[in-house]
file my_file.cif (mmCIF, C-alpha atoms; chains and numbers go by the auth columns)
data_my_file
loop_
_atom_site.group_PDB
_atom_site.id
_atom_site.type_symbol
_atom_site.label_atom_id
_atom_site.label_comp_id
_atom_site.label_asym_id
_atom_site.label_seq_id
_atom_site.Cartn_x
_atom_site.Cartn_y
_atom_site.Cartn_z
_atom_site.B_iso_or_equiv
_atom_site.auth_seq_id
_atom_site.auth_asym_id
ATOM 1 C CA MET A 1 -2.812 0.845 20.673 0.00 29 A
ATOM 2 C CA LEU A 2 -0.703 -0.788 17.975 0.00 30 A
ATOM 3 C CA GLU A 3 0.043 -3.756 20.224 0.00 31 A
ATOM 4 C CA SER A 4 -3.633 -4.723 20.378 0.00 32 A
ATOM 5 C CA GLU A 5 -3.869 -4.417 16.600 0.00 33 A
ATOM 6 C CA LYS A 6 -0.795 -6.614 16.163 0.00 34 A
ATOM 7 C CA GLN A 7 -2.399 -9.186 18.428 0.00 35 A
ATOM 8 C CA ARG A 8 -5.636 -9.124 16.441 0.00 36 A
ATOM 9 C CA PHE A 9 -3.666 -9.538 13.220 0.00 37 A
ATOM 10 C CA SER A 10 -1.759 -12.504 14.687 0.00 38 A
ATOM 11 C CA GLU A 11 -5.002 -14.164 15.755 0.00 39 A
ATOM 12 C CA LEU A 12 -6.343 -13.883 12.200 0.00 40 A
ATOM 13 C CA LEU A 13 -3.174 -15.497 10.871 0.00 41 A
ATOM 14 C CA GLU A 14 -3.884 -18.503 13.044 0.00 42 A
ATOM 15 C CA ARG A 15 -7.279 -19.094 11.449 0.00 43 A
ATOM 16 C CA PRO A 16 -7.525 -21.454 8.437 0.00 44 A
ATOM 17 C CA ARG A 17 -7.334 -19.598 5.143 0.00 45 A
ATOM 18 C CA GLU A 18 -10.559 -21.169 3.934 0.00 46 A
ATOM 19 C CA GLU A 19 -12.467 -19.333 6.661 0.00 47 A
ATOM 20 C CA LEU A 20 -11.232 -15.994 5.403 0.00 48 A
ATOM 21 C CA LEU A 21 -11.438 -16.395 1.652 0.00 49 A
ATOM 22 C CA VAL A 22 -14.596 -14.674 0.512 0.00 50 A
ATOM 23 C CA SER A 23 -14.468 -15.476 -3.186 0.00 51 A
ATOM 24 C CA ALA A 24 -12.865 -18.101 -5.390 0.00 52 A
ATOM 25 C CA GLY A 25 -10.991 -17.955 -8.670 0.00 53 A
ATOM 26 C CA VAL A 26 -9.973 -14.286 -8.522 0.00 54 A
ATOM 27 C CA GLY A 27 -6.267 -13.511 -8.700 0.00 55 A
ATOM 28 C CA THR A 28 -3.565 -15.606 -7.109 0.00 56 A
ATOM 29 C CA LEU A 29 -4.156 -17.320 -3.803 0.00 57 A
ATOM 30 C CA GLY A 30 -1.652 -15.069 -2.083 0.00 58 A
ATOM 31 C CA GLU A 31 -3.251 -11.814 -3.160 0.00 59 A
ATOM 32 C CA LYS A 32 -6.725 -13.141 -2.510 0.00 60 A
ATOM 33 C CA TYR A 33 -5.790 -14.333 0.975 0.00 61 A
ATOM 34 C CA LEU A 34 -4.101 -11.059 1.909 0.00 62 A
ATOM 35 C CA HIS A 35 -7.150 -9.170 0.702 0.00 63 A
ATOM 36 C CA ALA A 36 -9.517 -11.396 2.677 0.00 64 A
ATOM 37 C CA LEU A 37 -7.324 -11.188 5.773 0.00 65 A
ATOM 38 C CA PHE A 38 -7.616 -7.422 5.900 0.00 66 A
ATOM 39 C CA LYS A 39 -11.366 -7.572 5.308 0.00 67 A
ATOM 40 C CA TYR A 40 -11.772 -9.551 8.507 0.00 68 A
ATOM 41 C CA TYR A 41 -9.196 -7.403 10.271 0.00 69 A
ATOM 42 C CA TYR A 42 -11.280 -4.290 9.630 0.00 70 A
ATOM 43 C CA GLU A 43 -14.742 -5.889 9.734 0.00 71 A
ATOM 44 C CA PRO A 44 -15.215 -9.254 11.505 0.00 72 A
ATOM 45 C CA ASN A 45 -18.847 -9.481 10.383 0.00 73 A
ATOM 46 C CA PRO A 46 -18.929 -10.796 6.775 0.00 74 A
ATOM 47 C CA ASP A 47 -22.457 -9.390 6.342 0.00 75 A
ATOM 48 C CA PHE A 48 -20.770 -6.060 5.662 0.00 76 A
ATOM 49 C CA HIS A 49 -18.331 -7.489 3.083 0.00 77 A
ATOM 50 C CA GLU A 50 -18.787 -7.158 -0.679 0.00 78 A
ATOM 51 C CA VAL A 51 -21.617 -4.639 -0.455 0.00 79 A
ATOM 52 C CA GLY A 52 -23.227 -3.493 -3.706 0.00 80 A
ATOM 53 C CA ILE A 53 -23.433 0.283 -4.080 0.00 81 A
ATOM 54 C CA ASP A 54 -25.075 1.199 -7.366 0.00 82 A
ATOM 55 C CA ARG A 55 -22.842 -0.326 -10.074 0.00 83 A
ATOM 56 C CA PHE A 56 -19.877 -0.803 -7.697 0.00 84 A
ATOM 57 C CA THR A 57 -19.029 -3.328 -4.999 0.00 85 A
ATOM 58 C CA ALA A 58 -17.345 -2.062 -1.839 0.00 86 A
ATOM 59 C CA ASP A 59 -15.013 -4.384 0.065 0.00 87 A
ATOM 60 C CA ILE A 60 -16.637 -3.217 3.311 0.00 88 A
ATOM 61 C CA CYS A 61 -19.543 -0.848 3.873 0.00 89 A
ATOM 62 C CA ARG A 62 -21.356 0.202 7.045 0.00 90 A
ATOM 63 C CA ASP A 63 -23.812 3.059 6.614 0.00 91 A
ATOM 64 C CA LYS A 64 -21.822 5.794 4.856 0.00 92 A
ATOM 65 C CA ASP A 65 -18.388 4.401 5.725 0.00 93 A
ATOM 66 C CA ILE A 66 -16.550 2.384 3.074 0.00 94 A
ATOM 67 C CA ILE A 67 -13.268 0.499 3.300 0.00 95 A
ATOM 68 C CA GLU A 68 -11.429 -0.549 0.150 0.00 96 A
ATOM 69 C CA ILE A 69 -8.453 -2.902 0.513 0.00 97 A
ATOM 70 C CA GLN A 70 -6.140 -2.459 -2.441 0.00 98 A
ATOM 71 C CA THR A 71 -3.181 -4.809 -2.792 0.00 99 A
ATOM 72 C CA ARG A 72 -2.275 -3.522 -6.239 0.00 100 A
ATOM 73 C CA SER A 73 -2.595 -0.256 -8.175 0.00 101 A
ATOM 74 C CA LEU A 74 -4.397 2.504 -6.275 0.00 102 A
ATOM 75 C CA LYS A 75 -5.315 4.360 -9.449 0.00 103 A
ATOM 76 C CA ARG A 76 -7.813 1.589 -10.186 0.00 104 A
ATOM 77 C CA LEU A 77 -9.919 3.105 -7.418 0.00 105 A
ATOM 78 C CA ARG A 78 -10.408 6.472 -9.083 0.00 106 A
ATOM 79 C CA GLU A 79 -13.754 5.716 -10.677 0.00 107 A
ATOM 80 C CA LYS A 80 -15.059 4.284 -7.414 0.00 108 A
ATOM 81 C CA LEU A 81 -13.788 7.243 -5.407 0.00 109 A
ATOM 82 C CA ASP A 82 -15.449 9.697 -7.800 0.00 110 A
ATOM 83 C CA PHE A 83 -18.771 7.961 -7.215 0.00 111 A
ATOM 84 C CA TYR A 84 -18.367 7.488 -3.457 0.00 112 A
ATOM 85 C CA ILE A 85 -17.493 11.150 -2.959 0.00 113 A
ATOM 86 C CA SER A 86 -20.407 12.328 -5.096 0.00 114 A
ATOM 87 C CA GLU A 87 -22.787 10.179 -3.021 0.00 115 A
ATOM 88 C CA GLY A 88 -21.458 11.432 0.311 0.00 116 A
ATOM 89 C CA TYR A 89 -19.540 8.319 1.412 0.00 117 A
ATOM 90 C CA TYR A 90 -16.377 8.468 3.518 0.00 118 A
ATOM 91 C CA THR A 91 -13.767 6.045 2.180 0.00 119 A
ATOM 92 C CA THR A 92 -10.766 4.459 3.867 0.00 120 A
ATOM 93 C CA VAL A 93 -8.231 3.035 1.428 0.00 121 A
ATOM 94 C CA VAL A 94 -6.114 0.294 2.983 0.00 122 A
ATOM 95 C CA TYR A 95 -2.804 -0.318 1.216 0.00 123 A
ATOM 96 C CA PRO A 96 -0.524 -3.143 2.488 0.00 124 A
ATOM 97 C CA LEU A 97 3.224 -2.613 2.068 0.00 125 A
ATOM 98 C CA PRO A 98 5.994 -5.169 2.612 0.00 126 A
ATOM 99 C CA HIS A 99 8.229 -4.194 5.529 0.00 127 A
ATOM 100 C CA LYS A 100 10.609 -7.127 5.960 0.00 128 A
ATOM 101 C CA LYS A 101 10.422 -9.603 3.124 0.00 129 A
ATOM 102 C CA TRP A 102 11.609 -13.162 2.726 0.00 130 A
ATOM 103 C CA LEU A 103 11.761 -14.850 -0.670 0.00 131 A
ATOM 104 C CA SER A 104 11.610 -18.462 -1.846 0.00 132 A
ATOM 105 C CA TRP A 105 11.623 -19.891 -5.370 0.00 133 A
ATOM 106 C CA LEU A 106 9.357 -22.718 -6.472 0.00 134 A
ATOM 107 C CA ASP A 107 10.518 -25.016 -9.278 0.00 135 A
ATOM 108 C CA PRO A 108 7.357 -25.506 -11.390 0.00 136 A
ATOM 109 C CA GLU A 109 8.571 -28.872 -12.682 0.00 137 A
ATOM 110 C CA THR A 110 9.779 -30.548 -9.489 0.00 138 A
ATOM 111 C CA GLY A 111 7.779 -28.622 -6.897 0.00 139 A
ATOM 112 C CA GLU A 112 10.980 -28.009 -4.961 0.00 140 A
ATOM 113 C CA LEU A 113 10.941 -24.878 -2.790 0.00 141 A
ATOM 114 C CA THR A 114 14.155 -23.073 -1.911 0.00 142 A
ATOM 115 C CA PRO A 115 14.755 -22.002 1.717 0.00 143 A
ATOM 116 C CA LYS A 116 13.557 -18.533 2.699 0.00 144 A
ATOM 117 C CA ARG A 117 16.103 -15.792 2.126 0.00 145 A
ATOM 118 C CA ARG A 118 15.710 -12.328 3.628 0.00 146 A
ATOM 119 C CA SER A 119 15.596 -9.445 1.169 0.00 147 A
ATOM 120 C CA PRO A 120 18.205 -6.792 2.022 0.00 148 A
ATOM 121 C CA LYS A 121 15.634 -4.037 1.532 0.00 149 A
ATOM 122 C CA THR A 122 13.385 -2.900 4.386 0.00 150 A
ATOM 123 C CA GLY A 123 10.159 -1.253 3.301 0.00 151 A
ATOM 124 C CA THR A 124 9.110 2.213 4.474 0.00 152 A
ATOM 125 C CA PRO A 125 6.080 4.479 3.929 0.00 153 A
ATOM 126 C CA PHE A 126 8.014 6.132 1.092 0.00 154 A
ATOM 127 C CA ASP A 127 7.417 2.968 -0.954 0.00 155 A
ATOM 128 C CA SER A 128 3.760 4.018 -1.212 0.00 156 A
ATOM 129 C CA ILE A 129 4.440 7.349 -2.913 0.00 157 A
ATOM 130 C CA TYR A 130 4.104 6.172 -6.509 0.00 158 A
ATOM 131 C CA GLU A 131 0.728 4.573 -5.753 0.00 159 A
ATOM 132 C CA LEU A 132 -0.512 7.516 -3.670 0.00 160 A
ATOM 133 C CA TYR A 133 0.179 9.774 -6.619 0.00 161 A
ATOM 134 C CA GLY A 134 -2.403 7.765 -8.574 0.00 162 A
ATOM 135 C CA ILE A 135 -5.134 9.061 -6.229 0.00 163 A
ATOM 136 C CA LYS A 136 -3.572 12.401 -5.208 0.00 164 A
ATOM 137 C CA ASP A 137 -6.604 14.376 -6.389 0.00 165 A
ATOM 138 C CA TYR A 138 -8.726 12.713 -3.675 0.00 166 A
ATOM 139 C CA LEU A 139 -6.352 12.896 -0.713 0.00 167 A
ATOM 140 C CA SER A 140 -7.340 16.420 0.329 0.00 168 A
ATOM 141 C CA SER A 141 -11.078 15.957 -0.351 0.00 169 A
ATOM 142 C CA GLY A 142 -11.956 15.408 3.314 0.00 170 A
ATOM 143 C CA GLN A 143 -13.759 12.186 2.334 0.00 171 A
ATOM 144 C CA VAL A 144 -10.792 9.879 1.735 0.00 172 A
ATOM 145 C CA GLN A 145 -8.169 8.620 4.143 0.00 173 A
ATOM 146 C CA VAL A 146 -5.383 6.118 3.505 0.00 174 A
ATOM 147 C CA ILE A 147 -3.996 3.555 5.929 0.00 175 A
ATOM 148 C CA LEU A 148 -0.609 2.106 5.070 0.00 176 A
ATOM 149 C CA GLU A 149 -0.232 -1.363 6.581 0.00 177 A
ATOM 150 C CA LEU A 150 3.440 -2.299 6.867 0.00 178 A
ATOM 151 C CA ILE A 151 3.636 -6.075 7.116 0.00 179 A
ATOM 152 C CA ASP A 152 6.381 -8.680 7.132 0.00 180 A
ATOM 153 C CA VAL A 153 5.771 -11.121 4.283 0.00 181 A
ATOM 154 C CA TRP A 154 7.062 -14.305 2.708 0.00 182 A
ATOM 155 C CA ASP A 155 6.965 -14.168 -1.088 0.00 183 A
ATOM 156 C CA ILE A 156 6.971 -17.435 -3.010 0.00 184 A
ATOM 157 C CA LYS A 157 7.748 -16.980 -6.689 0.00 185 A
ATOM 158 C CA ASN A 158 7.524 -19.441 -9.546 0.00 186 A
ATOM 159 C CA GLN A 159 10.901 -19.961 -11.197 0.00 187 A
ATOM 160 C CA ASN A 160 9.315 -19.508 -14.610 0.00 188 A
ATOM 161 C CA GLY A 161 10.826 -16.250 -15.784 0.00 189 A
ATOM 162 C CA TYR A 162 13.451 -15.378 -18.345 0.00 190 A
ATOM 163 C CA GLY A 163 17.229 -15.675 -18.321 0.00 191 A
ATOM 164 C CA ARG A 164 19.518 -18.461 -17.176 0.00 192 A
ATOM 165 C CA SER A 165 18.058 -18.437 -13.659 0.00 193 A
ATOM 166 C CA HIS A 166 14.438 -18.163 -14.893 0.00 194 A
ATOM 167 C CA LYS A 167 13.880 -15.420 -12.292 0.00 195 A
ATOM 168 C CA TYR A 168 13.544 -12.312 -14.453 0.00 196 A
ATOM 169 C CA ARG A 169 9.872 -11.329 -14.659 0.00 197 A
ATOM 170 C CA ALA A 170 8.866 -14.485 -12.826 0.00 198 A
ATOM 171 C CA THR A 171 5.278 -14.743 -11.545 0.00 199 A
ATOM 172 C CA ARG A 172 4.294 -14.781 -7.885 0.00 200 A
ATOM 173 C CA ASN A 173 2.876 -18.030 -6.578 0.00 201 A
ATOM 174 C CA ASP A 174 1.930 -16.829 -3.117 0.00 202 A
ATOM 175 C CA ARG A 175 2.378 -13.944 -0.676 0.00 203 A
ATOM 176 C CA ILE A 176 2.115 -15.033 2.941 0.00 204 A
ATOM 177 C CA PRO A 177 1.727 -12.337 5.607 0.00 205 A
ATOM 178 C CA LEU A 178 3.788 -13.060 8.710 0.00 206 A
ATOM 179 C CA GLU A 179 3.347 -10.119 11.058 0.00 207 A
ATOM 180 C CA LEU A 180 1.919 -6.620 11.281 0.00 208 A
ATOM 181 C CA TYR A 181 4.744 -4.148 11.810 0.00 209 A
ATOM 182 C CA ASP A 182 3.081 -0.729 11.737 0.00 210 A
ATOM 183 C CA GLU A 183 0.020 1.228 10.647 0.00 211 A
ATOM 184 C CA ILE A 184 0.341 4.712 9.151 0.00 212 A
ATOM 185 C CA ILE A 185 -2.927 6.666 9.034 0.00 213 A
ATOM 186 C CA LEU A 186 -3.070 9.468 6.474 0.00 214 A
ATOM 187 C CA SER A 187 -6.270 11.337 7.212 0.00 215 A
ATOM 188 C CA GLU A 188 -5.401 15.034 7.405 0.00 216 A
ATOM 189 C CA PRO A 189 -2.949 17.039 5.265 0.00 217 A
ATOM 190 C CA GLU A 190 -0.644 17.324 8.276 0.00 218 A
ATOM 191 C CA ASP A 191 -0.343 13.510 8.394 0.00 219 A
ATOM 192 C CA TYR A 192 1.566 13.645 5.107 0.00 220 A
ATOM 193 C CA ARG A 193 4.388 15.474 6.872 0.00 221 A
ATOM 194 C CA ILE A 194 5.922 12.007 7.405 0.00 222 A
ATOM 195 C CA PHE A 195 7.122 12.398 3.816 0.00 223 A
ATOM 196 C CA LEU A 196 9.145 15.502 4.764 0.00 224 A
ATOM 197 C CA PRO A 197 12.475 14.410 6.278 0.00 225 A
ATOM 198 C CA GLU A 198 13.526 16.511 9.272 0.00 226 A
ATOM 199 C CA ALA A 199 16.995 16.946 7.781 0.00 227 A
ATOM 200 C CA LEU A 200 15.585 18.538 4.624 0.00 228 A
ATOM 201 C CA PRO A 201 16.944 22.103 4.250 0.00 229 A
ATOM 202 C CA ASP A 202 14.637 25.055 3.702 0.00 230 A
ATOM 203 C CA PRO A 203 14.509 25.972 0.904 0.00 231 A
ATOM 204 C CA PHE A 204 15.333 22.711 -0.831 0.00 232 A
ATOM 205 C CA THR A 205 15.756 21.297 -4.313 0.00 233 A
ATOM 206 C CA ARG A 206 14.524 18.029 -5.770 0.00 234 A
ATOM 207 C CA LYS A 207 18.070 16.737 -5.507 0.00 235 A
ATOM 208 C CA ASP A 208 18.081 17.525 -1.771 0.00 236 A
ATOM 209 C CA TYR A 209 14.831 15.610 -1.359 0.00 237 A
ATOM 210 C CA SER A 210 16.054 12.682 -3.438 0.00 238 A
ATOM 211 C CA LYS A 211 19.233 12.301 -1.370 0.00 239 A
ATOM 212 C CA LEU A 212 17.280 11.948 1.867 0.00 240 A
ATOM 213 C CA THR A 213 14.430 9.783 0.594 0.00 241 A
ATOM 214 C CA ARG A 214 16.168 7.789 -2.169 0.00 242 A
ATOM 215 C CA LEU A 215 13.215 8.542 -4.423 0.00 243 A
ATOM 216 C CA ASP A 216 13.813 9.318 -8.075 0.00 244 A
ATOM 217 C CA GLY A 217 11.962 9.502 -11.374 0.00 245 A
ATOM 218 C CA ARG A 218 8.187 9.301 -11.148 0.00 246 A
ATOM 219 C CA ALA A 219 8.192 8.550 -7.423 0.00 247 A
ATOM 220 C CA LEU A 220 10.194 11.711 -6.732 0.00 248 A
ATOM 221 C CA SER A 221 7.867 13.832 -8.871 0.00 249 A
ATOM 222 C CA GLY A 222 4.874 12.173 -7.220 0.00 250 A
ATOM 223 C CA ALA A 223 6.117 13.002 -3.723 0.00 251 A
ATOM 224 C CA ILE A 224 6.627 16.651 -4.640 0.00 252 A
ATOM 225 C CA LYS A 225 3.136 16.877 -6.172 0.00 253 A
ATOM 226 C CA ILE A 226 1.496 15.244 -3.135 0.00 254 A
ATOM 227 C CA LEU A 227 3.294 17.552 -0.710 0.00 255 A
ATOM 228 C CA GLU A 228 2.234 20.551 -2.801 0.00 256 A
ATOM 229 C CA GLU A 229 -1.354 19.269 -2.883 0.00 257 A
ATOM 230 C CA MET A 230 -1.337 19.025 0.929 0.00 258 A
ATOM 231 C CA GLY A 231 0.012 22.546 1.318 0.00 259 A
ATOM 232 C CA LEU A 232 3.152 21.303 3.055 0.00 260 A
ATOM 233 C CA ILE A 233 5.558 22.734 0.483 0.00 261 A
ATOM 234 C CA GLU A 234 5.384 25.382 -2.200 0.00 262 A
ATOM 235 C CA PHE A 235 7.385 26.185 -5.301 0.00 263 A
ATOM 236 C CA ILE A 236 9.218 29.479 -4.727 0.00 264 A
ATOM 237 C CA GLY A 237 11.351 29.883 -7.835 0.00 265 A
ATOM 238 C CA MET A 238 14.474 28.699 -9.583 0.00 266 A
ATOM 239 C CA ASP A 239 18.104 28.432 -8.606 0.00 267 A
ATOM 240 C CA GLY A 240 19.628 28.314 -12.065 0.00 268 A
ATOM 241 C CA ARG A 241 17.955 25.234 -13.553 0.00 269 A
ATOM 242 C CA LYS A 242 16.953 23.807 -10.181 0.00 270 A
ATOM 243 C CA TYR A 243 13.431 24.064 -8.796 0.00 271 A
ATOM 244 C CA LEU A 244 13.320 25.537 -5.296 0.00 272 A
ATOM 245 C CA TYR A 245 10.677 24.638 -2.698 0.00 273 A
ATOM 246 C CA SER A 246 9.880 25.995 0.729 0.00 274 A
ATOM 247 C CA LYS A 247 8.468 23.958 3.596 0.00 275 A
ATOM 248 C CA GLY A 248 5.091 25.120 4.898 0.00 276 A
#

call {"tool": "encode", "arguments": {"input": "my_file.cif", "output": "structure tokens"}}
result
Amino acid sequence: MLESEKQRFSELLERPREELLVSAGVGTLGEKYLHALFKYYYEPNPDFHEVGIDRFTADICRDKDIIEIQTRSLKRLREKLDFYISEGYYTTVVYPLPHKKWLSWLDPETGELTPKRRSPKTGTPFDSIYELYGIKDYLSSGQVQVILELIDVWDIKNQNGYGRSHKYRATRNDRIPLELYDEIILSEPEDYRIFLPEALPDPFTRKDYSKLTRLDGRALSGAIKILEEMGLIEFIGMDGRKYLYSKG
């Protein structure tokens, strides 16, 4: 099934950007293009794009099914999700994640672009945890599913930041999708079991979980809260000062 979806994604990449861009002057070209690309990926008919629903505008809406493509913070959707749920809509939240990433720097004065260099990091579904936590209260509602789209991307950044290299806190000029790698559908509580490593002991501590997932800080706390919300783990007590959890 994924092969046909990869093919459809590749065919969209071959179309001129101007055909896919549905609005002008909003955000950077890269974010806008990525957003538009996924609109056509999920709904080829633009008549169902940018549909007004009361005071909100849905990216895609057919009958009672809504799709929201969110390339940035998921918590921005909370007000929309509150309304959609109250009105009986079923919402799919699409969240693109970089899988393999290449990076180039653009000199804002000369226009010179450095060759693409591959980032040593490879993205995984765990990179979505912090954002998923922002909408955790909706994930078990039965009216919201999330699709993680792992894509290979080419980031072009303006060399306009701080420091000697002007790269610290530099702004993004463009994000160019290159290929669809995988789709992770999170519809039922059991789907979130992908965030429970098989090697995790039972019971386990937060330190155990952190070692296997490389999550820490807010992302670590977010993962624990989401897994508790889905009924996949439960807090069972303390081992000294360590929190103990059991897998469901």

call {"tool": "residues_around", "arguments": {"input": "my_file.cif", "residues": "Arg106 (chain A)", "least_positions_apart": "2", "cutoff": "10 Å", "atoms": "only C-alpha atoms", "output": "list of chain:residue names"}}
result
A:Leu102, A:Lys103, A:Arg104, A:Lys108, A:Leu109, A:Asp110, A:Phe111, A:Tyr112, A:Gly162, A:Ile163, A:Lys164, A:Asp165, A:Tyr166

call {"tool": "write_last_selection", "arguments": {"input": "my_file.cif", "atoms": "C-alpha atoms", "output": "PDB file, in the coordinates of the input"}}
result
ATOM      1  CA  LEU A 102      -4.397   2.504  -6.275  1.00  0.00           C
ATOM      2  CA  LYS A 103      -5.315   4.360  -9.449  1.00  0.00           C
ATOM      3  CA  ARG A 104      -7.813   1.589 -10.186  1.00  0.00           C
ATOM      4  CA  LYS A 108     -15.059   4.284  -7.414  1.00  0.00           C
ATOM      5  CA  LEU A 109     -13.788   7.243  -5.407  1.00  0.00           C
ATOM      6  CA  ASP A 110     -15.449   9.697  -7.800  1.00  0.00           C
ATOM      7  CA  PHE A 111     -18.771   7.961  -7.215  1.00  0.00           C
ATOM      8  CA  TYR A 112     -18.367   7.488  -3.457  1.00  0.00           C
ATOM      9  CA  GLY A 162      -2.403   7.765  -8.574  1.00  0.00           C
ATOM     10  CA  ILE A 163      -5.134   9.061  -6.229  1.00  0.00           C
ATOM     11  CA  LYS A 164      -3.572  12.401  -5.208  1.00  0.00           C
ATOM     12  CA  ASP A 165      -6.604  14.376  -6.389  1.00  0.00           C
ATOM     13  CA  TYR A 166      -8.726  12.713  -3.675  1.00  0.00           C
TER      14      TYR A 166
END

call {"tool": "closest_residue", "arguments": {"input": "my_file.cif", "among": "A:Ile184, A:Leu178, A:Leu255, A:Val121", "to": "Arg145 (chain A)", "atoms": "all atoms listed in the file"}}
result
A:Ile184

call {"tool": "closest_residue", "arguments": {"input": "my_file.cif", "among": "A:Ile261, A:Val181, A:Leu228, A:Leu62", "to": "Trp130 (chain A)", "atoms": "all atoms listed in the file"}}
result
A:Val181

call {"tool": "resolve_selection", "arguments": {"input": "my_file.cif", "expression": "the PyMOL selection byres ((chain A and resi 40-49) around 9)", "output": "list in words"}}
result
Gln35, Arg36, Phe37, Ser38, Glu39, Val50, Ser51, Ala52, Lys60, Tyr61, His63, Ala64, Leu65, Lys67, Tyr68, Tyr69, Pro205, Leu206 and Glu207 of chain A

call {"tool": "write_last_selection", "arguments": {"input": "my_file.cif", "atoms": "C-alpha atoms", "output": "compact mmCIF listing (two decimals), keeping the file's coordinate frame"}}
result
# COMPACT_ATOMS: atom_id res chain seq x y z
CA GLN A 35 -2.40 -9.19 18.43
CA ARG A 36 -5.64 -9.12 16.44
CA PHE A 37 -3.67 -9.54 13.22
CA SER A 38 -1.76 -12.50 14.69
CA GLU A 39 -5.00 -14.16 15.76
CA VAL A 50 -14.60 -14.67 0.51
CA SER A 51 -14.47 -15.48 -3.19
CA ALA A 52 -12.86 -18.10 -5.39
CA LYS A 60 -6.72 -13.14 -2.51
CA TYR A 61 -5.79 -14.33 0.98
CA HIS A 63 -7.15 -9.17 0.70
CA ALA A 64 -9.52 -11.40 2.68
CA LEU A 65 -7.32 -11.19 5.77
CA LYS A 67 -11.37 -7.57 5.31
CA TYR A 68 -11.77 -9.55 8.51
CA TYR A 69 -9.20 -7.40 10.27
CA PRO A 205 1.73 -12.34 5.61
CA LEU A 206 3.79 -13.06 8.71
CA GLU A 207 3.35 -10.12 11.06

call {"tool": "closest_residue", "arguments": {"input": "my_file.cif", "among": "A:Met258, A:Glu140, A:Arg192, A:Ala227", "to": "Ser169 (chain A)", "atoms": "all atoms listed in the file"}}
result
A:Met258

call {"tool": "resolve_selection", "arguments": {"input": "my_file.cif", "expression": "the PyMOL selection byres ((chain A and resi 271-274) around 12)", "output": "PyMOL selection string"}}
result
chain A and resi 224+228-237+249+252-253+255-256+259-270+275-276

call {"tool": "atom_distance", "arguments": {"input": "my_file.cif", "atom1": "CA of Arg221 (chain A)", "atom2": "CA of Glu257 (chain A)"}}
result
11.9 Å

call {"tool": "axis_aligned_box", "arguments": {"input": "my_file.cif", "around": "region 64-79 of chain A", "padding_each_side": "8 Å", "output": "lines of an AutoDock Vina configuration file"}}
result
center_x = -14.9
center_y = -7.8
center_z = 5.4
size_x = 31.1
size_y = 23.1
size_z = 28.2

call {"tool": "closest_residue", "arguments": {"input": "my_file.cif", "among": "A:Ala86, A:Leu141, A:Ile179, A:Val172", "to": "Asn201 (chain A)", "atoms": "only C-alpha atoms"}}
result
A:Leu141

call {"tool": "residues_around", "arguments": {"input": "my_file.cif", "residues": "His127 (chain A)", "least_positions_apart": "2", "cutoff": "8 Å", "atoms": "only C-alpha atoms", "output": "PyMOL selection string"}}
result
chain A and resi 125+129+150-152+178-181+209

call {"tool": "resolve_selection", "arguments": {"input": "my_file.cif", "expression": "the PyMOL selection byres ((chain A and resi 143) around 9)", "output": "ChimeraX atom specification"}}
result
/A:131-133,141-142,144-145

call {"tool": "residues_around", "arguments": {"input": "my_file.cif", "residues": "region 79-81 of chain A", "least_positions_apart": "4", "cutoff": "12 Å", "atoms": "only C-alpha atoms", "output": "ChimeraX atom specification"}}
result
/A:74-75,85-96,108-109,111-112,115,117
